[in-house]
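Novice: This one is upload.cif, mmCIF, C-alpha atoms.
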```
data_my_file
#
loop_
_atom_site.label_atom_id
_atom_site.label_comp_id
_atom_site.auth_asym_id
_atom_site.auth_seq_id
_atom_site.Cartn_x
_atom_site.Cartn_y
_atom_site.Cartn_z
CA MET H 271 -21.68 -34.91 5.45
CA ASN H 272 -24.03 -32.75 7.46
CA THR H 273 -27.03 -34.81 8.32
CA SER H 274 -28.91 -32.25 10.42
CA PRO H 275 -32.37 -31.49 9.02
CA ALA H 276 -32.66 -28.74 6.43
CA VAL H 277 -33.58 -25.23 7.51
CA ILE H 278 -35.26 -24.62 4.17
CA GLU H 279 -36.57 -27.37 1.96
CA VAL H 280 -38.40 -26.64 -1.26
CA ASN H 281 -39.74 -29.49 -3.34
CA ASN H 282 -41.03 -29.02 -6.86
CA LEU H 283 -42.42 -25.60 -5.99
CA THR H 284 -44.65 -23.97 -8.59
CA ARG H 285 -46.34 -20.62 -8.28
CA ARG H 286 -48.47 -19.36 -11.13
CA PHE H 287 -49.78 -15.83 -11.67
CA GLY H 288 -52.51 -16.20 -14.30
CA LYS H 289 -50.72 -17.74 -17.25
CA LEU H 290 -47.25 -16.94 -15.98
CA ASP H 291 -45.25 -19.58 -14.14
CA ALA H 292 -43.18 -17.35 -11.84
CA VAL H 293 -41.72 -20.40 -10.14
CA ASN H 294 -41.81 -23.66 -12.04
CA GLY H 295 -40.72 -26.86 -10.29
CA LEU H 296 -38.02 -25.45 -8.01
CA ASN H 297 -36.03 -27.51 -5.48
CA LEU H 298 -33.88 -26.08 -2.71
CA ASN H 299 -32.16 -27.49 0.36
CA VAL H 300 -30.49 -25.16 2.83
CA ARG H 301 -28.67 -26.71 5.80
CA PRO H 302 -28.19 -25.03 9.18
CA GLY H 303 -25.22 -22.73 9.67
CA ARG H 304 -24.80 -22.14 5.95
CA CYS H 305 -24.85 -18.94 4.00
CA PHE H 306 -26.85 -19.74 0.90
CA GLY H 307 -26.89 -17.49 -2.17
CA PHE H 308 -30.00 -17.42 -4.31
CA PHE H 309 -29.12 -15.85 -7.65
CA GLY H 310 -31.23 -15.02 -10.66
CA ARG H 311 -32.06 -12.20 -13.01
CA ASN H 312 -34.96 -9.84 -12.43
CA GLY H 313 -38.17 -11.81 -12.80
CA ALA H 314 -36.46 -15.18 -12.37
CA GLY H 315 -38.74 -16.02 -9.43
CA LYS H 316 -36.54 -15.24 -6.43
CA THR H 317 -38.93 -12.96 -4.55
CA THR H 318 -41.90 -15.22 -5.33
CA THR H 319 -39.99 -18.16 -3.82
CA ILE H 320 -39.09 -16.15 -0.73
CA LYS H 321 -42.71 -15.04 -0.31
CA CYS H 322 -43.77 -18.68 -0.38
CA LEU H 323 -41.26 -19.43 2.41
CA LEU H 324 -42.83 -16.67 4.49
CA ASN H 325 -46.43 -17.59 3.68
CA LEU H 326 -46.90 -14.22 2.00
CA LEU H 327 -47.86 -16.24 -1.06
CA ARG H 328 -49.30 -19.72 -1.32
CA PRO H 329 -47.69 -22.24 -3.65
CA THR H 330 -49.78 -23.32 -6.63
CA SER H 331 -48.25 -26.76 -6.18
CA GLY H 332 -45.25 -28.42 -4.60
CA SER H 333 -44.13 -28.04 -1.02
CA VAL H 334 -42.16 -25.65 1.11
CA SER H 335 -40.85 -26.36 4.56
CA VAL H 336 -38.92 -24.15 6.97
CA PHE H 337 -37.38 -25.74 10.11
CA GLY H 338 -39.27 -28.84 9.01
CA LEU H 339 -42.56 -26.99 9.40
CA ASP H 340 -45.13 -25.93 6.83
CA PRO H 341 -45.26 -22.10 6.84
CA ARG H 342 -48.95 -22.23 5.92
CA ARG H 343 -49.92 -24.36 8.88
CA ASP H 344 -47.35 -23.21 11.44
CA GLU H 345 -46.93 -19.62 10.38
CA VAL H 346 -46.22 -18.19 13.85
CA ALA H 347 -43.82 -20.98 14.82
CA VAL H 348 -41.89 -20.46 11.57
CA LYS H 349 -41.84 -16.67 11.67
CA SER H 350 -40.79 -16.49 15.29
CA ARG H 351 -37.56 -18.28 14.36
CA LEU H 352 -36.63 -16.21 11.32
CA ALA H 353 -36.19 -12.60 10.26
CA TYR H 354 -36.66 -11.06 6.84
CA VAL H 355 -35.13 -7.98 5.27
CA PRO H 356 -36.80 -7.10 1.96
CA ASP H 357 -35.34 -4.75 -0.66
CA ALA H 358 -37.75 -1.94 0.11
CA VAL H 359 -38.48 -1.49 3.80
CA ALA H 360 -41.37 0.54 5.15
CA PHE H 361 -41.98 1.69 8.72
CA TYR H 362 -44.77 3.69 10.29
CA PRO H 363 -43.69 7.23 9.37
CA TRP H 364 -44.93 8.83 12.60
CA MET H 365 -42.81 6.60 14.81
CA THR H 366 -39.29 7.48 15.89
CA VAL H 367 -36.37 5.09 15.51
CA ARG H 368 -36.63 4.17 19.21
CA GLU H 369 -40.40 3.59 19.00
CA THR H 370 -39.94 1.46 15.89
CA VAL H 371 -37.31 -0.70 17.60
CA HIS H 372 -39.60 -1.16 20.62
CA TYR H 373 -42.52 -1.93 18.33
CA LEU H 374 -40.51 -4.57 16.46
CA ALA H 375 -39.22 -6.02 19.74
CA SER H 376 -42.79 -6.36 21.05
CA PHE H 377 -43.42 -9.15 18.54
CA ARG H 378 -40.43 -11.16 19.67
CA ARG H 379 -39.96 -13.55 22.56
CA HIS H 380 -36.25 -12.81 22.66
CA TRP H 381 -34.48 -9.50 21.98
CA ASN H 382 -30.80 -8.74 22.55
CA THR H 383 -30.73 -5.15 23.84
CA GLU H 384 -26.93 -5.13 23.89
CA VAL H 385 -26.78 -5.82 20.17
CA GLU H 386 -29.52 -3.20 19.69
CA ALA H 387 -27.51 -0.46 21.44
CA ASP H 388 -24.35 -1.57 19.69
CA LEU H 389 -25.86 -1.40 16.22
CA LEU H 390 -27.68 1.91 16.81
CA ARG H 391 -24.30 3.35 17.74
CA ARG H 392 -22.47 1.69 14.89
CA PHE H 393 -24.98 2.93 12.31
CA ASP H 394 -25.10 6.33 13.99
CA LEU H 395 -28.91 6.30 14.06
CA ASP H 396 -30.58 8.95 16.20
CA PRO H 397 -33.21 7.19 18.36
CA ALA H 398 -35.35 10.36 18.39
CA GLN H 399 -35.46 10.67 14.60
CA LYS H 400 -38.81 10.06 12.88
CA THR H 401 -38.57 7.12 10.47
CA SER H 402 -40.10 9.30 7.73
CA HIS H 403 -36.93 11.36 7.82
CA LEU H 404 -34.56 8.42 7.38
CA SER H 405 -32.63 7.88 4.14
CA LYS H 406 -32.99 4.61 2.23
CA GLY H 407 -29.71 3.42 3.73
CA GLN H 408 -30.80 4.27 7.28
CA LYS H 409 -34.13 2.48 6.76
CA THR H 410 -32.26 -0.64 5.70
CA GLN H 411 -30.01 -0.33 8.75
CA LEU H 412 -33.07 -0.04 10.98
CA ALA H 413 -34.58 -3.11 9.31
CA LEU H 414 -31.32 -4.97 9.91
CA ILE H 415 -31.42 -4.07 13.61
CA GLY H 416 -34.97 -5.39 13.71
CA ALA H 417 -33.82 -8.60 12.06
CA ILE H 418 -30.67 -9.28 14.11
CA CYS H 419 -31.72 -8.36 17.68
CA PRO H 420 -34.17 -11.29 18.00
CA GLU H 421 -31.18 -13.55 17.14
CA PRO H 422 -33.20 -15.73 14.78
CA GLU H 423 -31.99 -19.06 13.43
CA LEU H 424 -32.61 -17.92 9.86
CA LEU H 425 -32.00 -14.57 8.24
CA VAL H 426 -33.75 -14.12 4.89
CA LEU H 427 -32.36 -11.26 2.82
CA ASP H 428 -34.04 -10.25 -0.45
CA GLU H 429 -31.86 -7.84 -2.44
CA PRO H 430 -30.86 -6.20 0.84
CA THR H 431 -28.15 -3.87 -0.43
CA SER H 432 -29.45 -2.76 -3.81
CA GLY H 433 -29.65 1.01 -4.18
CA LEU H 434 -27.45 1.69 -1.14
CA ASP H 435 -24.15 3.52 -1.11
CA PRO H 436 -20.93 1.46 -0.85
CA ILE H 437 -20.30 2.34 2.78
CA VAL H 438 -23.75 1.24 3.91
CA ARG H 439 -23.43 -1.93 1.80
CA ARG H 440 -20.10 -2.75 3.40
CA GLU H 441 -21.42 -2.15 6.92
CA PHE H 442 -24.47 -4.25 6.16
CA ILE H 443 -22.33 -7.27 5.23
CA GLU H 444 -19.96 -6.78 8.16
CA THR H 445 -22.97 -6.70 10.48
CA VAL H 446 -24.34 -9.93 9.04
CA ILE H 447 -20.93 -11.60 9.60
CA GLY H 448 -20.19 -10.06 12.99
CA ALA H 449 -23.34 -9.28 14.92
CA TYR H 450 -25.47 -12.03 13.39
CA GLN H 451 -23.33 -14.98 12.31
CA SER H 452 -20.74 -14.85 15.10
CA GLY H 453 -23.44 -15.08 17.79
CA ASP H 454 -23.96 -18.80 17.28
CA PRO H 455 -22.19 -19.75 14.06
CA GLU H 456 -23.28 -23.38 13.97
CA ARG H 457 -26.96 -22.57 13.90
CA ARG H 458 -27.27 -19.19 12.21
CA THR H 459 -28.33 -19.60 8.64
CA VAL H 460 -28.39 -16.89 5.98
CA PHE H 461 -30.47 -17.10 2.83
CA VAL H 462 -29.67 -14.20 0.54
CA SER H 463 -30.99 -13.26 -2.85
CA THR H 464 -28.90 -10.60 -4.55
CA HIS H 465 -27.58 -9.17 -7.78
CA LEU H 466 -24.57 -7.67 -6.04
CA ILE H 467 -22.88 -11.05 -5.95
CA ALA H 468 -19.31 -9.76 -5.70
CA GLU H 469 -20.05 -8.11 -2.37
CA PHE H 470 -21.37 -11.30 -0.85
CA GLU H 471 -18.76 -13.54 -2.48
CA GLY H 472 -16.78 -14.19 0.71
CA LEU H 473 -19.93 -14.97 2.64
CA ILE H 474 -21.53 -17.49 0.28
CA ASP H 475 -20.95 -21.19 1.05
CA GLU H 476 -23.30 -22.56 -1.52
CA PHE H 477 -25.62 -21.14 -4.16
CA THR H 478 -28.41 -21.86 -6.58
CA ILE H 479 -28.89 -19.99 -9.83
CA ILE H 480 -32.47 -19.89 -11.09
CA GLU H 481 -33.90 -18.84 -14.39
CA GLN H 482 -37.54 -18.60 -15.40
CA GLY H 483 -38.57 -20.19 -12.14
CA ARG H 484 -36.29 -23.22 -12.58
CA GLU H 485 -32.96 -24.19 -11.12
CA LEU H 486 -30.10 -23.83 -13.60
CA PHE H 487 -27.58 -25.33 -11.19
CA SER H 488 -26.49 -25.43 -7.53
CA MET H 489 -22.96 -25.71 -6.26
CA GLU H 490 -20.58 -25.10 -3.38
CA ALA H 491 -18.83 -21.77 -3.93
CA ASP H 492 -15.29 -23.14 -3.51
CA SER H 493 -15.84 -26.06 -5.85
CA ALA H 494 -17.53 -23.84 -8.43
CA ARG H 495 -14.51 -21.53 -8.47
CA ASP H 496 -12.22 -24.54 -8.69
CA ARG H 497 -14.14 -26.05 -11.55
CA PHE H 498 -14.93 -23.12 -13.83
CA ARG H 499 -11.91 -21.24 -15.13
CA LYS H 500 -11.29 -18.80 -17.90
CA ILE H 501 -8.32 -19.63 -20.09
CA ARG H 502 -6.79 -17.11 -22.44
CA ALA H 503 -4.04 -17.82 -24.95
CA ARG H 504 -2.29 -15.51 -27.37
CA PHE H 505 -0.40 -16.90 -30.32
CA ALA H 506 2.14 -15.50 -32.76
CA GLY H 507 -0.32 -16.04 -35.60
CA PRO H 508 -3.99 -16.98 -35.90
CA PRO H 509 -5.02 -19.41 -33.11
CA PRO H 510 -4.46 -23.01 -34.21
CA ALA H 511 -7.44 -25.26 -34.76
CA VAL H 512 -7.08 -27.78 -31.95
CA ASN H 513 -9.59 -30.06 -30.34
CA LEU H 514 -10.40 -28.75 -26.86
CA PRO H 515 -12.54 -31.38 -25.17
CA GLY H 516 -15.29 -30.01 -22.97
CA ALA H 517 -14.27 -26.38 -23.47
CA LEU H 518 -17.18 -23.96 -23.29
CA GLY H 519 -17.74 -20.61 -24.94
CA VAL H 520 -14.69 -20.80 -27.20
CA LYS H 521 -14.03 -17.36 -28.69
CA LYS H 522 -11.36 -16.37 -31.21
CA SER H 523 -10.40 -12.79 -31.78
CA GLY H 524 -7.33 -11.89 -33.76
CA ARG H 525 -4.43 -13.89 -32.32
CA GLU H 526 -6.25 -14.62 -29.07
CA LEU H 527 -8.26 -17.58 -27.97
CA GLU H 528 -10.54 -17.47 -24.96
CA LEU H 529 -12.51 -20.32 -23.45
CA LEU H 530 -14.11 -21.58 -20.29
CA GLY H 531 -12.75 -24.74 -18.78
CA ASN H 532 -15.13 -27.03 -16.98
CA GLY H 533 -13.18 -29.11 -14.45
CA ASN H 534 -10.44 -30.15 -16.90
CA CYS H 535 -8.49 -26.91 -17.01
CA GLU H 536 -5.12 -28.61 -16.53
CA GLN H 537 -5.75 -30.80 -19.55
CA LEU H 538 -6.86 -27.83 -21.67
CA MET H 539 -3.80 -25.86 -20.56
CA GLU H 540 -1.55 -28.77 -21.62
CA ILE H 541 -3.15 -28.92 -25.05
CA LEU H 542 -2.74 -25.17 -25.52
CA ARG H 543 0.80 -25.13 -24.16
CA ALA H 544 1.78 -27.68 -26.81
CA GLN H 545 0.82 -25.09 -29.43
CA HIS H 546 3.49 -22.71 -28.07
CA PRO H 547 1.42 -19.67 -27.24
CA GLU H 548 3.11 -16.34 -26.58
CA GLU H 549 1.00 -16.02 -23.51
CA LEU H 550 -1.19 -18.44 -21.61
CA HIS H 551 -3.30 -17.39 -18.67
CA CYS H 552 -5.81 -19.16 -16.48
CA GLU H 553 -7.99 -17.81 -13.69
CA SER H 554 -11.08 -18.93 -11.82
CA LEU H 555 -14.43 -17.39 -12.52
CA SER H 556 -15.78 -15.35 -9.64
CA LEU H 557 -19.33 -16.14 -8.50
CA GLU H 558 -20.54 -13.11 -10.41
CA GLU H 559 -18.86 -14.31 -13.61
CA ILE H 560 -20.32 -17.76 -13.02
CA PHE H 561 -23.74 -16.14 -12.74
CA VAL H 562 -23.22 -14.12 -15.95
CA ALA H 563 -22.06 -17.26 -17.80
CA SER H 564 -24.62 -19.50 -16.10
CA LYS H 565 -26.55 -20.35 -19.26
CA THR H 566 -23.40 -21.57 -21.00
CA LEU H 567 -22.20 -23.39 -17.90
CA ALA H 568 -25.58 -25.01 -17.23
CA GLU H 569 -25.22 -27.07 -20.43
CA ALA H 570 -22.25 -28.80 -18.83
CA ALA H 571 -22.99 -28.53 -15.09
CA PRO H 572 -24.21 -31.53 -13.08
CA MET F 204 -0.88 -9.02 9.33
CA LEU F 205 -2.11 -8.47 5.82
CA PHE F 206 -4.28 -11.08 4.18
CA ARG F 207 -5.17 -11.14 0.55
CA ILE F 208 -8.06 -13.30 -0.54
CA ASP F 209 -8.19 -13.96 -4.27
CA PHE F 210 -11.42 -15.51 -5.49
CA LYS F 211 -9.84 -15.96 -8.93
CA SER F 212 -7.07 -18.24 -7.69
CA GLY F 213 -9.37 -21.25 -7.65
CA LYS F 214 -8.03 -22.27 -4.24
CA ALA F 215 -10.53 -22.84 -1.41
CA VAL F 216 -10.78 -19.64 0.62
CA TYR F 217 -9.95 -21.26 3.97
CA LEU F 218 -6.81 -22.81 2.46
CA GLN F 219 -5.70 -19.40 1.24
CA LEU F 220 -5.86 -18.22 4.86
CA VAL F 221 -4.03 -21.32 6.11
CA ASP F 222 -1.22 -20.85 3.59
CA GLN F 223 -0.86 -17.14 4.27
CA ILE F 224 -0.57 -17.69 8.03
CA ARG F 225 1.94 -20.49 7.54
CA TYR F 226 3.85 -18.28 5.16
CA ALA F 227 3.86 -15.42 7.69
CA ALA F 228 5.18 -17.86 10.31
CA ALA F 229 7.85 -19.20 7.96
CA CYS F 230 9.20 -15.76 7.05
CA GLY F 231 9.03 -14.34 10.58
CA ALA F 232 6.14 -11.90 10.03
CA LEU F 233 4.43 -13.85 12.79
CA ARG F 234 6.57 -15.06 15.69
CA ALA F 235 6.03 -17.82 18.22
CA GLY F 236 3.74 -16.70 21.02
CA GLU F 237 2.26 -13.84 19.00
CA PRO F 238 -1.53 -13.74 18.79
CA LEU F 239 -3.48 -14.21 15.60
CA PRO F 240 -6.35 -11.84 14.92
CA SER F 241 -9.60 -13.03 16.49
CA ILE F 242 -12.01 -14.79 14.19
CA ARG F 243 -14.85 -12.27 14.28
CA PRO F 244 -12.94 -9.06 13.47
CA LEU F 245 -10.90 -10.87 10.83
CA ALA F 246 -14.05 -12.24 9.19
CA GLU F 247 -15.64 -8.78 9.28
CA GLN F 248 -12.54 -7.11 7.91
CA LEU F 249 -12.14 -9.56 5.03
CA ARG F 250 -15.92 -9.81 4.61
CA LEU F 251 -15.62 -13.57 4.77
CA ASN F 252 -18.03 -16.06 6.20
CA ARG F 253 -17.16 -16.41 9.88
CA ASN F 254 -17.11 -20.19 9.49
CA THR F 255 -14.48 -19.97 6.74
CA VAL F 256 -12.08 -18.19 9.08
CA ALA F 257 -12.89 -20.64 11.89
CA LYS F 258 -12.22 -23.55 9.53
CA ALA F 259 -8.80 -22.10 8.63
CA TYR F 260 -7.91 -21.80 12.34
CA THR F 261 -9.09 -25.33 13.05
CA GLU F 262 -6.93 -26.58 10.21
CA LEU F 263 -3.89 -24.66 11.50
CA GLU F 264 -4.47 -26.07 14.95
CA SER F 265 -4.64 -29.64 13.66
CA GLN F 266 -1.40 -29.03 11.73
CA GLY F 267 0.20 -27.92 15.00
CA VAL F 268 0.94 -24.41 13.76
CA ILE F 269 -1.24 -22.54 16.24
CA GLU F 270 -2.82 -23.24 19.60
CA THR F 271 -6.00 -21.91 21.16
CA ILE F 272 -5.81 -20.69 24.73
CA ALA F 273 -9.29 -20.55 26.22
CA GLY F 274 -10.44 -16.99 26.77
CA LYS F 275 -7.30 -15.53 25.19
CA GLY F 276 -7.39 -16.51 21.56
CA CYS F 277 -5.11 -18.19 19.06
CA PHE F 278 -1.31 -18.02 19.18
CA LEU F 279 1.50 -19.19 16.99
CA LYS F 280 3.04 -22.25 18.64
CA ASP F 281 6.63 -22.32 19.79
CA ASN F 282 7.51 -25.44 17.89
CA HIS F 283 5.17 -24.72 15.03
CA SER F 284 5.91 -26.91 12.06
CA PRO F 285 7.23 -24.63 9.38
CA PHE F 286 6.93 -25.55 5.74
CA THR F 287 8.86 -28.62 4.73
CA LYS F 288 11.85 -28.02 2.50
CA GLN F 289 9.80 -29.34 -0.37
CA ALA F 290 6.92 -26.93 0.29
CA ARG F 291 9.32 -24.00 0.62
CA HIS F 292 10.94 -24.93 -2.67
CA LYS F 293 7.56 -25.19 -4.31
CA LEU F 294 6.66 -21.65 -3.21
CA LEU F 295 9.92 -20.38 -4.60
CA VAL F 296 9.57 -22.30 -7.85
CA GLU F 297 6.21 -20.58 -8.46
CA LYS F 298 7.93 -17.19 -8.26
CA ILE F 299 10.75 -18.33 -10.52
CA ASP F 300 8.20 -19.64 -13.02
CA ASP F 301 6.45 -16.27 -13.03
CA ALA F 302 9.72 -14.48 -13.62
CA TRP F 303 10.66 -16.88 -16.40
CA VAL F 304 7.29 -16.39 -18.15
CA THR F 305 7.82 -12.64 -17.99
CA ALA F 306 11.36 -13.05 -19.33
CA HIS F 307 10.01 -15.11 -22.21
CA GLN F 308 7.39 -12.46 -23.03
CA LEU F 309 10.07 -9.76 -22.97
CA GLN F 310 12.24 -11.91 -25.25
CA VAL F 311 14.98 -12.27 -22.68
CA ASP F 312 16.86 -15.51 -23.35
CA ALA F 313 17.83 -18.13 -20.76
CA ASP F 314 21.48 -17.06 -20.46
CA THR F 315 20.57 -13.41 -19.89
CA PHE F 316 17.91 -14.49 -17.39
CA LEU F 317 20.44 -16.49 -15.35
CA GLU F 318 22.99 -13.71 -15.69
CA LEU F 319 20.47 -11.22 -14.26
CA ALA F 320 19.63 -13.61 -11.41
CA ARG F 321 23.33 -13.89 -10.53
CA GLU F 322 23.72 -10.13 -10.71
CA ARG F 323 20.84 -9.66 -8.26
CA LEU F 324 22.31 -12.21 -5.85
CA ALA F 325 25.64 -10.41 -5.93
CA PHE F 326 23.82 -7.13 -5.27
CA PHE F 327 22.08 -8.53 -2.18
CA GLU F 328 25.32 -10.03 -0.91
CA ARG F 329 27.07 -6.65 -1.27
CA GLU F 330 24.21 -4.94 0.59
CA ALA F 331 24.37 -7.53 3.40
CA ALA F 332 28.12 -7.09 3.69
CA LYS F 333 27.73 -3.29 3.93
CA GLU F 334 25.08 -3.72 6.58
CA GLN F 335 27.40 -5.93 8.60
CA VAL F 336 30.22 -3.40 8.42
CA ARG F 337 27.84 -0.65 9.54
CA SER F 338 26.52 -2.60 12.54
CA GLN F 339 30.02 -3.61 13.62
CA GLY F 340 31.17 -0.01 13.27
CA GLY F 341 28.24 1.08 15.45
CA ARG F 342 29.17 -1.37 18.17
CA SER F 343 32.86 -0.42 18.41
CA SER F 344 32.20 3.34 18.67
#
```
Spell out the structure here as structure tokens.

Specialist:
Amino acid sequence: MNTSPAVIEVNNLTRRFGKLDAVNGLNLNVRPGRCFGFFGRNGAGKTTTIKCLLNLLRPTSGSVSVFGLDPRRDEVAVKSRLAYVPDAVAFYPWMTVRETVHYLASFRRHWNTEVEADLLRRFDLDPAQKTSHLSKGQKTQLALIGAICPEPELLVLDEPTSGLDPIVRREFIETVIGAYQSGDPERRTVFVSTHLIAEFEGLIDEFTIIEQGRELFSMEADSARDRFRKIRARFAGPPPAVNLPGALGVKKSGRELELLGNGNCEQLMEILRAQHPEELHCESLSLEEIFVASKTLAEAAP
Amino acid sequence: MLFRIDFKSGKAVYLQLVDQIRYAAACGALRAGEPLPSIRPLAEQLRLNRNTVAKAYTELESQGVIETIAGKGCFLKDNHSPFTKQARHKLLVEKIDDAWVTAHQLQVDADTFLELARERLAFFEREAAKEQVRSQGGRSS
């Protein structure tokens, strides 16, 4: 439906470290204005992929393009249009918050000083404080200011909220929605890798789950929640042996039957209802549950 | 206005917003001419993608429920189309279904269920009648 060129396009990307294939034939396509979730377990290849996007690592094979450009050839052109917040941020410890902001701004053609003042106030950061005295949460907030003030077209977030307290995590997400996305919603793209999927659930339009450097599956968040549902039935006696076409992860325990429906939940519910259960319950899987069950679901996913 | 987004309902998030605003309009929680929350603070508050909230508002506008006044925001329209009778019945039937499932689990039979429903209706009618007496009494004194 959206035919505008991709902001991020990854084709058959492979990155090897010695004998280890950290990324192994990965494809990605992120369109402008989207918030794209990039999910995977530790060591699945998320950070390696992101480093290839930023030309911090070179692909062993395959291609990576950002804004239609090759980050290896057009590094400055690419980086001037994006901002990156890694999981561990480091600043020059002798600089104050104000000096750090000015230093970061000096690399940018455009810098929104109104947003800067607004966020410093919102995060309650003291401009005279030395960065060496900032907490982990405050360092992340400072990095977020550095990423949002240039109003880039693409915001790349790599585990941005891990290890932060719930209040800082909440503010972080609100800032991404408000200060960043609302500035120019059609063209501001977010690419976020995270384990804290539940917190980003409302933000994610579309996601890819990777494992061992390969894509398990990619889906729109709304259609994934519509398609994958958990069904639970409790019977008066042992669960009857019925044929449940397409049901995944069928588990029996005592008088209960639990299964994952894959797009045909209504049909499965009908079959179970005909067995007169005492209780029958159906709910969608959240994105986090989809991630946890991704290996089972991948057998049936497109 | 209180919104509740349920990612486990399986319904597209923007449609949940659309339905909740239409519901608020239908039951008078939101009146004609009253403003809807602006997109940005609502998105921040619900921690939803800004575009999801915008999509819900666009949908409500195309359904004729709300109108956007440039520079002022979104407002519930005077002649907003409330739910059709059918849609209102459907909403009610869902609640009745829930109650009936609970009744079944609690081993309450159909006759007792209907009896209880009638009892509750009578209760509300009595309350309404008392209220009317009170307000009339207040006016005459």

Novice: Quick one: pull the distance between atom CA of Ser452 of chain H and atom CA of Arg304 of chain H, Å, one decimal.

Specialist: 12.4 Å

Novice: Please evaluate the PyMOL selection byres ((chain F and resi 260) around 12) against the displayed coordinates and give the resulting residues as a PyMOL selection string.

Specialist: chain F and resi 217-225+239-243+245-246+253-259+261-271+276-279

Novice: Enumerate, as a list in words, the protein, DNA and RNA residues whose atoms approach (-30.1, 10.4, 4.8) to within 12 Å, taking into account only C-alpha atoms and the coordinate frame of the file.

Specialist: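 All residues meeting the 12 Å criterion around (-30.1, 10.4, 4.8) are Phe393, Asp394, Leu395, Asp396, Gln399, Lys400, Thr401, Ser402, His403, Leu404, Ser405, Lys406, Gly407, Gln408, Lys409, Thr410, Gln411, Leu434, Asp435 and Val438 of chain H.
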
Novice: Once you have the residues from the selection above, write them out as a tab-separated table (two decimals), in the frame of the given file, restricted to C-alpha atoms.

Specialist:
```tsv
chain	number	residue	atom	x	y	z
H	393	PHE	CA	-24.98	2.93	12.31
H	394	ASP	CA	-25.10	6.33	13.99
H	395	LEU	CA	-28.91	6.30	14.06
H	396	ASP	CA	-30.58	8.95	16.20
H	399	GLN	CA	-35.46	10.67	14.60
H	400	LYS	CA	-38.81	10.06	12.88
H	401	THR	CA	-38.57	7.12	10.47
H	402	SER	CA	-40.10	9.30	7.73
H	403	HIS	CA	-36.93	11.36	7.82
H	404	LEU	CA	-34.56	8.42	7.38
H	405	SER	CA	-32.63	7.88	4.14
H	406	LYS	CA	-32.99	4.61	2.23
H	407	GLY	CA	-29.71	3.42	3.73
H	408	GLN	CA	-30.80	4.27	7.28
H	409	LYS	CA	-34.13	2.48	6.76
H	410	THR	CA	-32.26	-0.64	5.70
H	411	GLN	CA	-30.01	-0.33	8.75
H	434	LEU	CA	-27.45	1.69	-1.14
H	435	ASP	CA	-24.15	3.52	-1.11
H	438	VAL	CA	-23.75	1.24	3.91
```

Novice: Under the PyMOL selection byres ((chain F and resi 209) around 12), which residues of this model are included? Write them out as a list in words.

Specialist: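 What the PyMOL selection byres ((chain F and resi 209) around 12) grabs from the file is Ala468, Glu471, Gly472, Asp492, Arg495, Glu553, Ser554, Leu555 and Ser556 of chain H; Phe206, Arg207, Ile208, Phe210, Lys211, Ser212, Gly213, Lys214, Ala215, Val216, Tyr217, Leu218, Gln219, Leu220, Gln223, Leu249 and Leu251 of chain F.
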
Novice: Write out the residues from the selection above, keeping C-alpha atoms, as a compact mmCIF listing (two decimals), in the frame of the given file.

Specialist:
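Done, and the output landed in part.txt:
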```
# COMPACT_ATOMS: atom_id res chain seq x y z
CA ALA H 468 -19.31 -9.76 -5.70
CA GLU H 471 -18.76 -13.54 -2.48
CA GLY H 472 -16.78 -14.19 0.71
CA ASP H 492 -15.29 -23.14 -3.51
CA ARG H 495 -14.51 -21.53 -8.47
CA GLU H 553 -7.99 -17.81 -13.69
CA SER H 554 -11.08 -18.93 -11.82
CA LEU H 555 -14.43 -17.39 -12.52
CA SER H 556 -15.78 -15.35 -9.64
CA PHE F 206 -4.28 -11.08 4.18
CA ARG F 207 -5.17 -11.14 0.55
CA ILE F 208 -8.06 -13.30 -0.54
CA PHE F 210 -11.42 -15.51 -5.49
CA LYS F 211 -9.84 -15.96 -8.93
CA SER F 212 -7.07 -18.24 -7.69
CA GLY F 213 -9.37 -21.25 -7.65
CA LYS F 214 -8.03 -22.27 -4.24
CA ALA F 215 -10.53 -22.84 -1.41
CA VAL F 216 -10.78 -19.64 0.62
CA TYR F 217 -9.95 -21.26 3.97
CA LEU F 218 -6.81 -22.81 2.46
CA GLN F 219 -5.70 -19.40 1.24
CA LEU F 220 -5.86 -18.22 4.86
CA GLN F 223 -0.86 -17.14 4.27
CA LEU F 249 -12.14 -9.56 5.03
CA LEU F 251 -15.62 -13.57 4.77
```

Novice: Can you list, as a PDB file with C-alpha atoms, in the coordinates of the input, every protein, DNA or RNA residue that comes within 12 Å of Leu317 of chain F when you count only C-alpha atoms, leaving out same-chain residues fewer than 5 positions away?

Specialist:
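So the final result, stored in around_24.pdb, reads:
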```
ATOM      1  CA  ILE F 299      10.750 -18.330 -10.520  1.00  0.00           C
ATOM      2  CA  ALA F 302       9.720 -14.480 -13.620  1.00  0.00           C
ATOM      3  CA  TRP F 303      10.660 -16.880 -16.400  1.00  0.00           C
ATOM      4  CA  ALA F 306      11.360 -13.050 -19.330  1.00  0.00           C
ATOM      5  CA  VAL F 311      14.980 -12.270 -22.680  1.00  0.00           C
ATOM      6  CA  ASP F 312      16.860 -15.510 -23.350  1.00  0.00           C
ATOM      7  CA  GLU F 322      23.720 -10.130 -10.710  1.00  0.00           C
ATOM      8  CA  ARG F 323      20.840  -9.660  -8.260  1.00  0.00           C
ATOM      9  CA  LEU F 324      22.310 -12.210  -5.850  1.00  0.00           C
TER      10      LEU F 324
END
```

Novice: Starting from the point (-17.3, -28.7, -21.3), work out which residues of protein, DNA or RNA have an atom no more than 6 Å away when counting only C-alpha atoms; state them as a PyMOL selection string.

Specialist: chain H and resi 516-518+532+570

Novice: Go ahead and dump the residues you just picked, C-alpha atoms, as a compact mmCIF listing (two decimals), keeping the file's coordinate frame.

Specialist:
```
# COMPACT_ATOMS: atom_id res chain seq x y z
CA GLY H 516 -15.29 -30.01 -22.97
CA ALA H 517 -14.27 -26.38 -23.47
CA LEU H 518 -17.18 -23.96 -23.29
CA ASN H 532 -15.13 -27.03 -16.98
CA ALA H 570 -22.25 -28.80 -18.83
```
